Amino acid sequence: MLSPILFFVRTFSKLFSLTILSVDNINAASVAPPAAPPANWSPDKIVCFLQCMERILDDGGSTADNGFKGPQWKSIQVDFNNRMNVNFTLSQLQNKYSDLKKRYKTFNELVDNSGFGWNEEAMRPTAPP
């Protein structure tokens with residue numbers, strides 16, 4: 001069975017890869033610390049970020065309290081910045097992670113409690129007739 005964090009990362013990777021969720025409103029400016037410039041989160045950057053987190057988990061990295069440990073965050077930051085040719089801070093990455101977790105929680109609540117469902121094969125929501 002997948003750990004909750006790995007399930008979260010893989011599910012979001014699939015969702016963003018298939019562009020099922022709207023990414024027009026995704027912007028880390030509202031959650032970035034005042035000292036850091038606003039992060040520009042394109043869909044490609046989000047997918048890359050999720051892949052960097054997934055790589056840590058696939059390499060046997062454990063999580064602390066449903067999150068990553070300090071050295072793991074540093075590895076994610078280095079990997080992400082190198083792959084995307086950017087210079088995002090740890091705080092910007094951690095804020096995006098928190099934002100994605102909130103979106104994931106909201107998405108799951110909708111699927112679980114609203115009468116909507118999820119078609120795993122088609123990777124699409126289902127609605128009652």
# chains A, B, ... in the order shown; residues from 1 in each chain; ligands from 1
>>> residues_around(residues="Leu90 of chain A", least_positions_apart="6", cutoff="8 Å", atoms="only C-alpha atoms", output="list of chain:residue names")
A:Trp73, A:Lys74, A:Gln77
>>> write_last_selection(atoms="N, CA and C atoms", output="compact mmCIF listing (two decimals), in the first residue's frame")
# COMPACT_ATOMS: atom_id res chain seq x y z
N TRP A 73 14.18 18.15 1.59
CA TRP A 73 13.77 19.42 0.97
C TRP A 73 14.93 20.03 0.19
N LYS A 74 16.12 19.95 0.75
CA LYS A 74 17.29 20.52 0.06
C LYS A 74 17.54 19.78 -1.26
N GLN A 77 14.95 20.87 -3.71
CA GLN A 77 15.26 22.23 -4.19
C GLN A 77 16.35 22.20 -5.24
>>> closest_residue(among="A:Ser98, A:Val9, A:Leu93, A:Gln72", to="Glu54 of chain A", atoms="only C-alpha atoms")
A:Val9
>>> atom_distance(atom1="atom CA of Lys105 of chain A", atom2="atom CA of Asn40 of chain A")
22.7 Å
>>> closest_residue(among="A:Ile76, A:Met84, A:Asp59, A:Asp44", to="Tyr97 of chain A", atoms="only C-alpha atoms")
A:Ile76
>>> residues_around(residues="Cys52 of chain A", least_positions_apart="2", cutoff="7 Å", atoms="only C-alpha atoms", output="ChimeraX atom specification")
/A:48-50,54-56,76,79-80
>>> atom_distance(atom1="atom CA of Met123 of chain A", atom2="atom CA of Arg103 of chain A")
16.7 Å
>>> atom_distance(atom1="atom CA of Lys45 of chain A", atom2="atom CA of Ser91 of chain A")
15.6 Å
>>> decode(residues="segment 84-99 of chain A", atoms="N, CA, C and O atoms", output="mmCIF file, in the first residue's frame")
data_model
loop_
_atom_site.group_PDB
_atom_site.id
_atom_site.type_symbol
_atom_site.label_atom_id
_atom_site.label_comp_id
_atom_site.auth_asym_id
_atom_site.auth_seq_id
_atom_site.Cartn_x
_atom_site.Cartn_y
_atom_site.Cartn_z
ATOM 1 N N MET A 84 14.698 23.062 -13.862
ATOM 2 C CA MET A 84 13.883 24.155 -14.404
ATOM 3 C C MET A 84 14.705 25.418 -14.664
ATOM 4 O O MET A 84 14.170 26.404 -15.168
ATOM 5 N N ASN A 85 15.982 25.386 -14.315
ATOM 6 C CA ASN A 85 16.863 26.549 -14.498
ATOM 7 C C ASN A 85 16.284 27.792 -13.813
ATOM 8 O O ASN A 85 16.152 28.862 -14.421
ATOM 9 N N VAL A 86 15.906 27.625 -12.545
ATOM 10 C CA VAL A 86 15.369 28.704 -11.722
ATOM 11 C C VAL A 86 16.123 28.717 -10.403
ATOM 12 O O VAL A 86 17.009 27.893 -10.171
ATOM 13 N N ASN A 87 15.752 29.646 -9.526
ATOM 14 C CA ASN A 87 16.388 29.732 -8.217
ATOM 15 C C ASN A 87 15.317 29.910 -7.145
ATOM 16 O O ASN A 87 15.291 30.914 -6.444
ATOM 17 N N PHE A 88 14.422 28.931 -7.020
ATOM 18 C CA PHE A 88 13.365 29.001 -6.016
ATOM 19 C C PHE A 88 13.951 28.699 -4.644
ATOM 20 O O PHE A 88 14.834 27.849 -4.500
ATOM 21 N N THR A 89 13.432 29.376 -3.633
ATOM 22 C CA THR A 89 13.875 29.148 -2.261
ATOM 23 C C THR A 89 13.146 27.938 -1.678
ATOM 24 O O THR A 89 12.110 27.502 -2.195
ATOM 25 N N LEU A 90 13.689 27.429 -0.575
ATOM 26 C CA LEU A 90 13.013 26.340 0.124
ATOM 27 C C LEU A 90 11.621 26.769 0.556
ATOM 28 O O LEU A 90 10.658 26.007 0.463
ATOM 29 N N SER A 91 11.504 27.988 1.016
ATOM 30 C CA SER A 91 10.215 28.499 1.470
ATOM 31 C C SER A 91 9.191 28.515 0.333
ATOM 32 O O SER A 91 8.025 28.156 0.529
ATOM 33 N N GLN A 92 9.609 28.920 -0.850
ATOM 34 C CA GLN A 92 8.694 28.935 -1.990
ATOM 35 C C GLN A 92 8.225 27.518 -2.333
ATOM 36 O O GLN A 92 7.047 27.299 -2.633
ATOM 37 N N LEU A 93 9.134 26.559 -2.282
ATOM 38 C CA LEU A 93 8.771 25.175 -2.577
ATOM 39 C C LEU A 93 7.852 24.609 -1.497
ATOM 40 O O LEU A 93 6.851 23.942 -1.798
ATOM 41 N N GLN A 94 8.173 24.885 -0.255
ATOM 42 C CA GLN A 94 7.349 24.383 0.841
ATOM 43 C C GLN A 94 5.957 25.011 0.824
ATOM 44 O O GLN A 94 4.967 24.338 1.127
ATOM 45 N N ASN A 95 5.874 26.270 0.450
ATOM 46 C CA ASN A 95 4.565 26.917 0.339
ATOM 47 C C ASN A 95 3.744 26.304 -0.788
ATOM 48 O O ASN A 95 2.535 26.113 -0.656
ATOM 49 N N LYS A 96 4.382 25.993 -1.906
ATOM 50 C CA LYS A 96 3.656 25.354 -3.013
ATOM 51 C C LYS A 96 3.196 23.965 -2.594
ATOM 52 O O LYS A 96 2.085 23.546 -2.918
ATOM 53 N N TYR A 97 4.034 23.249 -1.870
ATOM 54 C CA TYR A 97 3.658 21.935 -1.363
ATOM 55 C C TYR A 97 2.406 22.045 -0.483
ATOM 56 O O TYR A 97 1.456 21.272 -0.654
ATOM 57 N N SER A 98 2.385 23.015 0.410
ATOM 58 C CA SER A 98 1.216 23.222 1.276
ATOM 59 C C SER A 98 -0.019 23.567 0.456
ATOM 60 O O SER A 98 -1.125 23.074 0.723
ATOM 61 N N ASP A 99 0.158 24.412 -0.551
ATOM 62 C CA ASP A 99 -0.945 24.787 -1.430
ATOM 63 C C ASP A 99 -1.492 23.562 -2.167
ATOM 64 O O ASP A 99 -2.708 23.361 -2.248
#
